[in-house]
Every structure is written in C-alpha cells, then in structure tokens.
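K.L.:
Take this structure, written in structure tokens, and hold onto it; I'll ask about it next.
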Amino acid sequence: MERSIGSSLSTRVISDDVLQPRDRFFYWLLTVLGVAAIAAFVFLWFQLQAWGEHAFVMTVCSGLLAVLLLNHLGRWLILPSMQRPRAVLPRPGWKVAVVTTYVPGIEPVELLEQTLKALMNLDYPHDTWVLDEGDDERVKQVCATLGVHHFSRKSFPRYQTEFGMFRKASKHGNYNAWLHEIGFDRYEILTAFDPDHVPERVFLAKVLGYFDDARVGYVQAPQVYGNQEASFIARGAAEETYEFYSLVQMACYGKGFPLIIGCHATHRLSALRECGGFAAHDADDLLLTLLYQNRGWEGVYVPEVLAYGLAPADWPAYLNQQRRWTRSVLDVKLRIGPAVARNLSPTSALLNALHGLNYVHRSLVIPIAMMLVAFMLVSGSIPAVATTEGLVSGGFMVVTLGIWERYRQRFYLNRKSEQGIHWRAGLLQFAKWPYQLAAVADVLGNRQFPFIATPKTGDPCRASFVLWPHFISLGIVGMAWAIGLSVHGTLPLAAQWCAMGFVAITVGLMATEWSGVLRRRVSR
C-alpha cells in the first residue's frame, strides 16, 4: 500500500509499506504464535502454588515480567506501520547551507577539517559554514584554505544569554545565532551536521527532492557509527541504535512523525523560522520534532546510510552521554511534551510515549531485580517457580520471542553486519542503569545542568572510575548473600546462581575500566 503526504497543490511524497504481502503473512503467523506462547506462560504463571507462600516476591516478579513482555510486544506491533519514501531527485535552484559547529577543547581541528572536506564535496550546489564558538584562529585558517564560510557569535553579546534560544555554550544557541544573523535571510534549506559526522557525496541529492512537497518541513536520515571497532563500548553503543534507526524510525515515519536526530538533519528554513528556530533545550531535536508536528509540518525519513559519525569509545564519554540524553528526553516527555504534542494522533502519541519509556524501563528493571535477589537471599523467601510445565511454557515463549527478534532484524539497514545477538548492548544497558536512574531523579527534581557536549574522538583515551556506583550494588548483594547464609545455613541454588551472575557481570564490567586505566598509565 502506498501513502502520499502533502497538499494536492504540490508534488507529493509517495511512500510504500515496508512489509510486502509475503512479509505480512509470516508477520501475522508469528504474531498468533507469539501471543499464544505469552498467554500460555502467563496463565501458568498465575497458577503457580508459590503465590500462596511468596505473594510479595511473585508480585514483584510479575511486574518485571510485565515490563519486559510489553516492551517485546510494543516493538513487534509497530512493524506493520513501517514505510519508506520513494526516491525523489532534487530540482535545481535551492539555496542550501550545509553547516557544522566547532567547540574548542571538544572537537579536534583535524576532525573538523575532515568533515569540512566532505561537506564541501557534496554533490548539490551549496555554501558550507562553520559556527565556531571560540572564534579560533586555526579554524579560520582551515576555513580560508578550504573555501568554507566562518561565523562566530563570540563577538555578539546579544547571542550569549544564560537561558533561552541563544543560550551560551549550547548547540541550539550557536545555530540560532547564525540563523538570525545570516541563515534565515539568505537560505531556503539548512542541512546541519555534527562535526564528527562525515556525509556521503550523494547526501544532498538523496534528501533535497522531498522538499518539493510544500508540507515537508524536515528530512531525516539515520545516525550510523563508523568507529564501531574502536572498543566494545563503541560497538555496544552502535548495537543499541540498530533497531531504532531501522524499524522505529520507519514506523514513526509511517505514522507521520519521524524523529529529528541532531547529529544531522535537513530543514526547510521557513518551517524552522515558524517554529522559532532550534528549540531551546538540550533535547532540541526531539522538542523540534514536536513543534513541527504541532504546526502541521510533515517529516520524511530516508532509511539509507548517508553519513557516518563517532560513537563514544570509553566509559566516561558513554555514561555521561547516556545520563544527559536520558535527562533531556524525559524532561521533554514529562514536562514540555504534553503541552506541545496536542495534535498527535493516538497512535503517534503512543509511539512518542514508548520512545521515552525505552530510556528508563531497564534502568528501573535492573535495580528492582537486584533488590529482589537481595531480599530473597536475606529472607529465604524463594518461590519454587521451576515446575516442569512452567519450564516448558517459558522455554517455548523465549524461543518464540527470539524468532520475533530475528524476524525484525530482516529489516535492519545493514542486515549482514547488524543482525545477531547484541550482547555488547546488553552489557552497556546493565552498566548504565545507575546513571539513567540518576537522570530520572534529575528530571523529577527539576535539576538544571550546563550543556556538555560528548567529546568527539574515535578512540578510548581517558582514565576515570565512572563505574564506581556498581561498588554499592556489589556491596548490597554481597551483604545480603552473607546474611542469608549466616541466618539460614544454606540457600537454594537458584537464588545463589542469580547473585553469582549479578556479581560476575558487575565485576567483569568494572574490570574493563580498570584495564583501560592501567593501559593508559602504562602508555604514559
């Protein structure tokens, strides 16, 4: 089935369903199979005799299972909504600015120069700009050599405010200063790149054609990391993005609102001006998506790899980035979004809510599961859930959910390199739960923090014990284990295996940080 967006008076963007008839047949077959497996397991779960003796433990376990199963169901049920746009060649004559930023001390000048060369080489006539926060002489020299336009708001006090759209030391403030001083008056289209994102030569040719549709306000392409081999952290960070930039974004596009991703996006400047410029928020891309939607502008998602960026390659960069992202996304979802997203359809509103939930559900599930294990060790209240029927039913459900996962991976952007068991992503999700939980507390407490950009480097280079919060969780589990053994003399193997697994994963993750610190010191 095809879908068109835009008014009848303009060229329309035509979109096609991703699931073809054969895909839909297997999708609905697997849906029936999976739902039946989940229903059978849930039915047996609530028939277990353990409910009579261990009601509290079973209730908490049920809550954890519900979160995990609903997450699987949500990710599965969005698949029929996936759509991709048909390619549209750009017409000549657009006034296009391709822009990147530079922050001294965050991005190496050599990295910026590499990106600028790629921006200059794009295959559609355009001007290339650097928005330089530091008005750096080395950057000016690079720009002069390459023929790149240079702008700095450093000499404009009116663009250096503590809060709002021109907030100092923020990306949105940097862009808004350029837009009001130059961009809105001179250009029709803006393509914004982070300085570590290097585009393919055909980038503009792939995205500009959709702006012939008068209702298209922005075009988004996926974020893909090009340094996945730098460390297991970089590869894990990439694994965390595979499903979002393939399935979730195509489903959001099918429902009319693909999410803007700040690393690179293309905007119609008349639409951006109507929204007031880049949103005054650390999650300016997410908030801008809602502002566009609220004003009736359409977005297009192009599911092709058109640029490569850098993933965080060490623990400090990764964990601090995740805390900042989680805090900013939840702040939009909980405080700002409800007032802005009034025009979303019920399905779009659900997808919008699920996007926020995905940031926090593991940060809540993991510590609750840890505390549950500690409680069982201390109290000796360990329900017998491993019945023959339960193991058979649970095993069948797990296998079915694994088939669902494999089926979803058929639609990944880089299927050959991205499909498989994403164990690194699982370890990263385990490692970051204290930081995400801290981000939840930041939002609930309405704590304000200065904007801190993620250092743009392709290799792990810093030594810092950022995994120290896991010492606390190790202490909790270890103390509970010791108390349980001293009080009860012995404990069921199932509970001890759970505790042992938790300890092994935590110590293993911390060992990766210790080894990095040692290597760093030796290299000095």
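The way I read the labels, and the way they are meant: chains A, B, ... in the order of the structure tokens, residue 1 as the first residue of every chain, and ligand 1 as the first ligand shown, with later ones counted on from there.
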Looking only at helix (DSSP H, G or I) from DSSP on the backbone, list the matching residues of region 236-291 of chain A as number ranges by chain.
P.N.:
A: 236-239, 242-254, 269-274, 284-291
K.L.:
Take the selection from the previous step and output its residues with N, CA, C and O atoms, as a CSV table (one decimal), in the first residue's frame.
P.N.:
```
chain,number,residue,atom,x,y,z
A,236,GLY,N,29.0,-1.7,21.3
A,236,GLY,CA,27.7,-1.8,22.0
A,236,GLY,C,26.8,-0.6,21.8
A,236,GLY,O,25.6,-0.7,21.7
A,237,ALA,N,27.4,0.6,21.8
A,237,ALA,CA,26.6,1.8,21.6
A,237,ALA,C,26.0,1.8,20.2
A,237,ALA,O,24.8,2.2,20.0
A,238,ALA,N,26.7,1.2,19.2
A,238,ALA,CA,26.1,1.1,17.9
A,238,ALA,C,25.0,0.1,17.9
A,238,ALA,O,23.9,0.3,17.3
A,239,GLU,N,25.2,-1.0,18.6
A,239,GLU,CA,24.1,-2.1,18.6
A,239,GLU,C,22.8,-1.5,19.2
A,239,GLU,O,21.7,-1.9,18.8
A,242,TYR,N,20.6,0.1,16.4
A,242,TYR,CA,20.2,-0.6,15.1
A,242,TYR,C,18.7,-0.6,14.9
A,242,TYR,O,18.2,-0.3,13.9
A,243,GLU,N,18.0,-1.1,16.0
A,243,GLU,CA,16.6,-1.2,15.8
A,243,GLU,C,15.9,0.2,15.7
A,243,GLU,O,14.9,0.3,14.9
A,244,PHE,N,16.4,1.2,16.4
A,244,PHE,CA,15.7,2.5,16.4
A,244,PHE,C,15.8,3.1,15.0
A,244,PHE,O,14.8,3.6,14.4
A,245,TYR,N,17.0,3.1,14.4
A,245,TYR,CA,17.2,3.7,13.1
A,245,TYR,C,16.7,2.9,12.0
A,245,TYR,O,16.7,3.4,10.8
A,246,SER,N,16.3,1.7,12.2
A,246,SER,CA,15.7,0.9,11.2
A,246,SER,C,14.2,0.9,11.4
A,246,SER,O,13.4,1.6,10.7
A,247,LEU,N,13.8,0.1,12.3
A,247,LEU,CA,12.3,-0.2,12.5
A,247,LEU,C,11.6,1.0,13.1
A,247,LEU,O,10.5,1.4,12.6
A,248,VAL,N,12.0,1.5,14.2
A,248,VAL,CA,11.3,2.5,14.9
A,248,VAL,C,11.1,3.8,14.1
A,248,VAL,O,10.0,4.3,14.0
A,249,GLN,N,12.2,4.2,13.5
A,249,GLN,CA,12.1,5.4,12.7
A,249,GLN,C,11.2,5.2,11.4
A,249,GLN,O,10.4,6.1,11.0
A,250,MET,N,11.2,4.1,10.8
A,250,MET,CA,10.3,3.8,9.7
A,250,MET,C,8.9,3.7,10.1
A,250,MET,O,8.0,4.1,9.4
A,251,ALA,N,8.7,3.2,11.3
A,251,ALA,CA,7.3,3.1,11.9
A,251,ALA,C,6.8,4.6,12.2
A,251,ALA,O,5.7,4.9,12.0
A,252,CYS,N,7.7,5.4,12.8
A,252,CYS,CA,7.3,6.7,13.1
A,252,CYS,C,7.0,7.5,11.8
A,252,CYS,O,6.1,8.3,11.8
A,253,TYR,N,7.8,7.3,10.8
A,253,TYR,CA,7.5,7.9,9.5
A,253,TYR,C,6.2,7.5,9.0
A,253,TYR,O,5.4,8.3,8.5
A,254,GLY,N,5.9,6.2,9.1
A,254,GLY,CA,4.6,5.7,8.6
A,254,GLY,C,3.4,6.3,9.4
A,254,GLY,O,2.3,6.4,8.8
A,269,LEU,N,13.9,26.2,5.9
A,269,LEU,CA,14.1,27.3,6.8
A,269,LEU,C,12.8,28.1,7.1
A,269,LEU,O,12.7,28.7,8.2
A,270,SER,N,11.9,28.1,6.2
A,270,SER,CA,10.6,28.8,6.5
A,270,SER,C,9.8,28.1,7.6
A,270,SER,O,9.2,28.7,8.5
A,271,ALA,N,9.9,26.7,7.6
A,271,ALA,CA,9.3,25.9,8.6
A,271,ALA,C,10.0,26.1,10.0
A,271,ALA,O,9.4,26.2,11.0
A,272,LEU,N,11.4,26.1,9.9
A,272,LEU,CA,12.2,26.3,11.1
A,272,LEU,C,11.9,27.7,11.7
A,272,LEU,O,11.8,27.8,12.9
A,273,ARG,N,11.8,28.7,10.9
A,273,ARG,CA,11.5,30.0,11.4
A,273,ARG,C,10.1,30.0,12.1
A,273,ARG,O,10.0,30.7,13.1
A,274,GLU,N,9.2,29.4,11.5
A,274,GLU,CA,7.8,29.3,12.1
A,274,GLU,C,7.8,28.7,13.5
A,274,GLU,O,7.1,29.0,14.3
A,284,ASP,N,17.0,19.4,21.9
A,284,ASP,CA,16.4,20.3,20.9
A,284,ASP,C,15.8,19.6,19.7
A,284,ASP,O,14.8,20.0,19.1
A,285,ASP,N,16.4,18.5,19.3
A,285,ASP,CA,15.9,17.7,18.2
A,285,ASP,C,14.6,17.1,18.4
A,285,ASP,O,13.7,17.2,17.6
A,286,LEU,N,14.4,16.5,19.6
A,286,LEU,CA,13.2,15.9,20.0
A,286,LEU,C,12.1,16.9,20.1
A,286,LEU,O,10.9,16.8,19.6
A,287,LEU,N,12.4,18.0,20.8
A,287,LEU,CA,11.4,19.1,21.0
A,287,LEU,C,11.0,19.7,19.7
A,287,LEU,O,9.8,20.0,19.4
A,288,LEU,N,12.0,19.9,18.8
A,288,LEU,CA,11.7,20.5,17.5
A,288,LEU,C,10.8,19.6,16.7
A,288,LEU,O,9.9,20.0,15.9
A,289,THR,N,11.0,18.3,16.8
A,289,THR,CA,10.0,17.3,16.1
A,289,THR,C,8.6,17.6,16.5
A,289,THR,O,7.7,17.7,15.7
A,290,LEU,N,8.4,17.8,17.8
A,290,LEU,CA,7.0,18.0,18.3
A,290,LEU,C,6.5,19.4,17.9
A,290,LEU,O,5.3,19.6,17.6
A,291,LEU,N,7.4,20.4,17.8
A,291,LEU,CA,7.0,21.7,17.4
A,291,LEU,C,6.6,21.7,15.9
A,291,LEU,O,5.6,22.3,15.5
```
K.L.:
How close does each residue of region 349-406 of chain A get to region 62-66 of chain A, giving the shortest atom pair and distance in Å to one decimal for every residue with an atom at most 10 Å away, counting only C-alpha atoms, sorted by chain and residue number, as CSV?
P.N.:
```
residue,atom,partner,partner_atom,distance
A:His361,CA,A:Leu64,CA,9.6
A:Arg362,CA,A:Leu64,CA,9.8
A:Leu364,CA,A:Leu64,CA,9.2
A:Val365,CA,A:Leu64,CA,6.2
A:Ile366,CA,A:Leu64,CA,9.1
A:Ile368,CA,A:Leu64,CA,8.2
A:Ala369,CA,A:Leu64,CA,7.7
```
K.L.:
Print the selection's residues with C-alpha atoms to a file, as an mmCIF file, in the first residue's frame.
P.N.:
```cif
data_model
loop_
_atom_site.group_PDB
_atom_site.id
_atom_site.type_symbol
_atom_site.label_atom_id
_atom_site.label_comp_id
_atom_site.auth_asym_id
_atom_site.auth_seq_id
_atom_site.Cartn_x
_atom_site.Cartn_y
_atom_site.Cartn_z
ATOM 1 C CA HIS A 361 12.488 0.806 31.682
ATOM 2 C CA ARG A 362 15.805 -1.058 32.009
ATOM 3 C CA LEU A 364 14.204 0.544 36.719
ATOM 4 C CA VAL A 365 14.015 -3.195 35.976
ATOM 5 C CA ILE A 366 17.688 -3.929 36.761
ATOM 6 C CA ILE A 368 14.489 -3.710 41.211
ATOM 7 C CA ALA A 369 15.640 -7.183 40.143
#
```
K.L.:
Hey, what's within 8 Å of His150 (chain A) if we count only C-alpha atoms and toss same-chain stuff fewer than 4 positions away? As a PyMOL selection string, please?
P.N.:
chain A and resi 129-132+140+143
K.L.:
Store the residues picked out above, limited to N, CA, C and O atoms, as an mmCIF file, in the first residue's frame.
P.N.:
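New file out_37.cif:
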```
data_model
loop_
_atom_site.group_PDB
_atom_site.id
_atom_site.type_symbol
_atom_site.label_atom_id
_atom_site.label_comp_id
_atom_site.auth_asym_id
_atom_site.auth_seq_id
_atom_site.Cartn_x
_atom_site.Cartn_y
_atom_site.Cartn_z
ATOM 1 N N TRP A 129 29.347 26.177 6.004
ATOM 2 C CA TRP A 129 29.607 27.093 7.115
ATOM 3 C C TRP A 129 30.138 26.323 8.327
ATOM 4 O O TRP A 129 29.728 25.186 8.587
ATOM 5 N N VAL A 130 31.002 27.000 9.081
ATOM 6 C CA VAL A 130 31.395 26.552 10.415
ATOM 7 C C VAL A 130 30.922 27.595 11.412
ATOM 8 O O VAL A 130 31.207 28.791 11.253
ATOM 9 N N LEU A 131 30.211 27.135 12.437
ATOM 10 C CA LEU A 131 29.778 28.023 13.525
ATOM 11 C C LEU A 131 30.727 27.772 14.695
ATOM 12 O O LEU A 131 30.581 26.794 15.429
ATOM 13 N N ASP A 132 31.676 28.660 14.848
ATOM 14 C CA ASP A 132 32.808 28.464 15.746
ATOM 15 C C ASP A 132 32.567 29.188 17.072
ATOM 16 O O ASP A 132 32.612 30.417 17.145
ATOM 17 N N LYS A 140 39.724 29.381 11.546
ATOM 18 C CA LYS A 140 39.643 30.381 10.484
ATOM 19 C C LYS A 140 40.606 30.044 9.344
ATOM 20 O O LYS A 140 40.273 30.195 8.161
ATOM 21 N N CYS A 143 39.207 27.171 7.340
ATOM 22 C CA CYS A 143 38.098 27.650 6.502
ATOM 23 C C CYS A 143 38.615 28.419 5.295
ATOM 24 O O CYS A 143 38.117 28.250 4.169
#
```
K.L.:
At what distance in Å, to one decimal, does CA of Val360 (chain A) lie from CA of Gln436 (chain A)?
P.N.:
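So the answer is 6.8 Å.
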K.L.:
Would you list the contacts of Pro303 (chain A) as a ChimeraX atom specification, taking every protein, DNA or RNA residue within 7 Å and counting only C-alpha atoms, but skipping same-chain residues closer than 5 positions in sequence?
P.N.:
/A:84,221-222,246,413
K.L.:
Now that the selection is made, can you save its residues with N, CA and C atoms as an mmCIF file, in the first residue's frame?
P.N.:
```cif
data_model
loop_
_atom_site.group_PDB
_atom_site.id
_atom_site.type_symbol
_atom_site.label_atom_id
_atom_site.label_comp_id
_atom_site.auth_asym_id
_atom_site.auth_seq_id
_atom_site.Cartn_x
_atom_site.Cartn_y
_atom_site.Cartn_z
ATOM 1 N N ARG A 84 8.627 3.476 3.787
ATOM 2 C CA ARG A 84 9.795 4.180 3.266
ATOM 3 C C ARG A 84 9.360 5.031 2.073
ATOM 4 N N ALA A 221 17.828 11.364 8.015
ATOM 5 C CA ALA A 221 18.481 10.105 7.656
ATOM 6 C C ALA A 221 19.032 9.477 8.931
ATOM 7 N N PRO A 222 19.358 8.197 8.903
ATOM 8 C CA PRO A 222 19.789 7.519 10.139
ATOM 9 C C PRO A 222 21.165 7.948 10.609
ATOM 10 N N SER A 246 16.328 1.705 12.205
ATOM 11 C CA SER A 246 15.703 0.915 11.155
ATOM 12 C C SER A 246 14.191 0.882 11.375
ATOM 13 N N LEU A 413 18.934 -1.767 8.519
ATOM 14 C CA LEU A 413 19.542 -1.053 7.390
ATOM 15 C C LEU A 413 20.732 -1.823 6.820
#
```
K.L.:
Which one is closest to Cys61 (chain A): A:Pro469, A:Gly475, A:Gly309, A:Pro383? Count only C-alpha atoms.
P.N.:
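Going through A:Pro469, A:Gly475, A:Gly309, A:Pro383 one by one, the smallest distance to Cys61 (chain A) is for A:Pro383.
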K.L.:
DSSP on the backbone: which residues in region 205-336 of chain A end up as strand (DSSP E or B)? Give the answer as a ChimeraX atom specification.
P.N.:
/A:216-220,225,264-268,298-301,307-309
K.L.:
Mind writing the picked residues with all heavy atoms as a short mmCIF file (atom, residue, chain, number, x, y, z; two decimals), in the first residue's frame?
P.N.:
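And here's again-v8.cif as it stands now:
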```cif
data_model
loop_
_atom_site.label_atom_id
_atom_site.label_comp_id
_atom_site.auth_asym_id
_atom_site.auth_seq_id
_atom_site.Cartn_x
_atom_site.Cartn_y
_atom_site.Cartn_z
N VAL A 216 6.50 19.40 3.59
CA VAL A 216 7.65 18.76 4.23
C VAL A 216 8.51 19.82 4.87
O VAL A 216 9.04 20.71 4.19
CB VAL A 216 8.46 17.93 3.21
CG1 VAL A 216 9.78 17.46 3.84
CG2 VAL A 216 7.65 16.74 2.73
N GLY A 217 8.65 19.74 6.18
CA GLY A 217 9.45 20.70 6.92
C GLY A 217 10.87 20.23 7.19
O GLY A 217 11.78 21.03 7.35
N TYR A 218 11.06 18.90 7.24
CA TYR A 218 12.39 18.36 7.54
C TYR A 218 12.54 16.98 6.95
O TYR A 218 11.55 16.27 6.71
CB TYR A 218 12.63 18.32 9.05
CG TYR A 218 11.72 17.38 9.81
CD1 TYR A 218 12.10 16.07 10.12
CD2 TYR A 218 10.46 17.81 10.24
CE1 TYR A 218 11.27 15.23 10.82
CE2 TYR A 218 9.61 16.96 10.94
CZ TYR A 218 10.02 15.67 11.23
OH TYR A 218 9.18 14.83 11.92
N VAL A 219 13.77 16.60 6.69
CA VAL A 219 14.11 15.26 6.19
C VAL A 219 15.21 14.71 7.08
O VAL A 219 16.20 15.40 7.35
CB VAL A 219 14.56 15.29 4.72
CG1 VAL A 219 14.94 13.88 4.26
CG2 VAL A 219 13.46 15.86 3.83
N GLN A 220 15.03 13.48 7.52
CA GLN A 220 15.98 12.86 8.45
C GLN A 220 16.54 11.58 7.84
O GLN A 220 15.82 10.80 7.23
CB GLN A 220 15.28 12.53 9.77
CG GLN A 220 16.18 11.93 10.82
CD GLN A 220 17.25 12.91 11.25
OE1 GLN A 220 16.98 14.03 11.66
NE2 GLN A 220 18.51 12.49 11.13
N TYR A 225 27.27 4.79 13.24
CA TYR A 225 28.61 4.99 13.79
C TYR A 225 29.65 4.30 12.91
O TYR A 225 29.51 3.11 12.57
CB TYR A 225 28.70 4.45 15.21
CG TYR A 225 27.86 5.21 16.21
CD1 TYR A 225 26.97 4.55 17.05
CD2 TYR A 225 27.97 6.59 16.32
CE1 TYR A 225 26.20 5.24 17.97
CE2 TYR A 225 27.21 7.30 17.24
CZ TYR A 225 26.33 6.62 18.06
OH TYR A 225 25.58 7.32 18.97
N HIS A 264 22.64 14.97 12.37
CA HIS A 264 22.49 15.56 11.04
C HIS A 264 21.03 15.50 10.63
O HIS A 264 20.36 14.48 10.78
CB HIS A 264 23.39 14.88 9.99
CG HIS A 264 23.21 13.39 9.87
ND1 HIS A 264 22.12 12.81 9.27
CD2 HIS A 264 24.00 12.37 10.26
CE1 HIS A 264 22.25 11.50 9.29
NE2 HIS A 264 23.38 11.20 9.90
N ALA A 265 20.52 16.62 10.16
CA ALA A 265 19.14 16.71 9.71
C ALA A 265 19.04 17.87 8.74
O ALA A 265 19.86 18.80 8.76
CB ALA A 265 18.18 16.91 10.88
N THR A 266 18.03 17.83 7.87
CA THR A 266 17.83 18.86 6.85
C THR A 266 16.49 19.53 7.07
O THR A 266 15.47 18.85 7.24
CB THR A 266 17.90 18.25 5.44
OG1 THR A 266 19.14 17.56 5.29
CG2 THR A 266 17.82 19.32 4.37
N HIS A 267 16.48 20.88 7.07
CA HIS A 267 15.30 21.65 7.43
C HIS A 267 14.93 22.65 6.33
O HIS A 267 15.80 23.26 5.71
CB HIS A 267 15.54 22.45 8.73
CG HIS A 267 16.00 21.61 9.88
ND1 HIS A 267 15.14 21.11 10.82
CD2 HIS A 267 17.24 21.20 10.25
CE1 HIS A 267 15.83 20.43 11.73
NE2 HIS A 267 17.10 20.47 11.40
N ARG A 268 13.62 22.84 6.14
CA ARG A 268 13.13 23.96 5.36
C ARG A 268 13.15 25.18 6.29
O ARG A 268 12.49 25.18 7.34
CB ARG A 268 11.71 23.69 4.86
CG ARG A 268 11.16 24.77 3.91
CD ARG A 268 9.68 24.57 3.68
NE ARG A 268 9.35 23.28 3.10
CZ ARG A 268 9.33 23.02 1.78
NH1 ARG A 268 9.60 23.99 0.92
NH2 ARG A 268 9.02 21.82 1.34
N GLU A 298 5.19 18.21 7.93
CA GLU A 298 5.49 16.79 7.77
C GLU A 298 6.99 16.57 7.80
O GLU A 298 7.78 17.45 7.48
CB GLU A 298 4.94 16.27 6.44
CG GLU A 298 3.43 16.37 6.28
CD GLU A 298 2.70 15.24 6.94
OE1 GLU A 298 3.37 14.35 7.50
OE2 GLU A 298 1.46 15.23 6.90
N GLY A 299 7.37 15.35 8.18
CA GLY A 299 8.77 14.94 8.11
C GLY A 299 8.91 13.72 7.24
O GLY A 299 7.97 12.94 7.07
N VAL A 300 10.08 13.54 6.65
CA VAL A 300 10.39 12.38 5.82
C VAL A 300 11.60 11.68 6.40
O VAL A 300 12.58 12.34 6.77
CB VAL A 300 10.65 12.79 4.36
CG1 VAL A 300 11.12 11.58 3.54
CG2 VAL A 300 9.41 13.39 3.72
N TYR A 301 11.53 10.35 6.51
CA TYR A 301 12.68 9.57 6.96
C TYR A 301 13.22 8.76 5.79
O TYR A 301 12.49 7.99 5.17
CB TYR A 301 12.28 8.63 8.10
CG TYR A 301 13.44 7.80 8.60
CD1 TYR A 301 14.53 8.41 9.23
CD2 TYR A 301 13.46 6.41 8.44
CE1 TYR A 301 15.60 7.65 9.68
CE2 TYR A 301 14.52 5.66 8.90
CZ TYR A 301 15.59 6.28 9.51
OH TYR A 301 16.66 5.54 9.96
N ALA A 307 25.63 9.03 6.13
CA ALA A 307 26.71 9.69 6.87
C ALA A 307 27.15 8.77 8.00
O ALA A 307 26.39 7.93 8.48
CB ALA A 307 26.24 11.03 7.43
N TYR A 308 28.40 8.95 8.42
CA TYR A 308 28.97 8.15 9.50
C TYR A 308 29.53 9.08 10.57
O TYR A 308 30.24 10.04 10.25
CB TYR A 308 30.09 7.24 8.98
CG TYR A 308 29.61 6.13 8.08
CD1 TYR A 308 29.51 6.32 6.71
CD2 TYR A 308 29.25 4.90 8.61
CE1 TYR A 308 29.07 5.31 5.88
CE2 TYR A 308 28.80 3.87 7.78
CZ TYR A 308 28.72 4.09 6.42
OH TYR A 308 28.28 3.08 5.61
N GLY A 309 29.20 8.76 11.84
CA GLY A 309 29.71 9.53 12.96
C GLY A 309 30.56 8.69 13.88
O GLY A 309 30.93 7.56 13.56
#
```
K.L.:
Looking at only C-alpha atoms, which of A:Leu310, A:Ala425, A:Val96, A:Ile472 is the one that sits closest to Pro367 (chain A)?
P.N.:
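Among A:Leu310, A:Ala425, A:Val96, A:Ile472, it is A:Ile472 that comes nearest to Pro367 (chain A).
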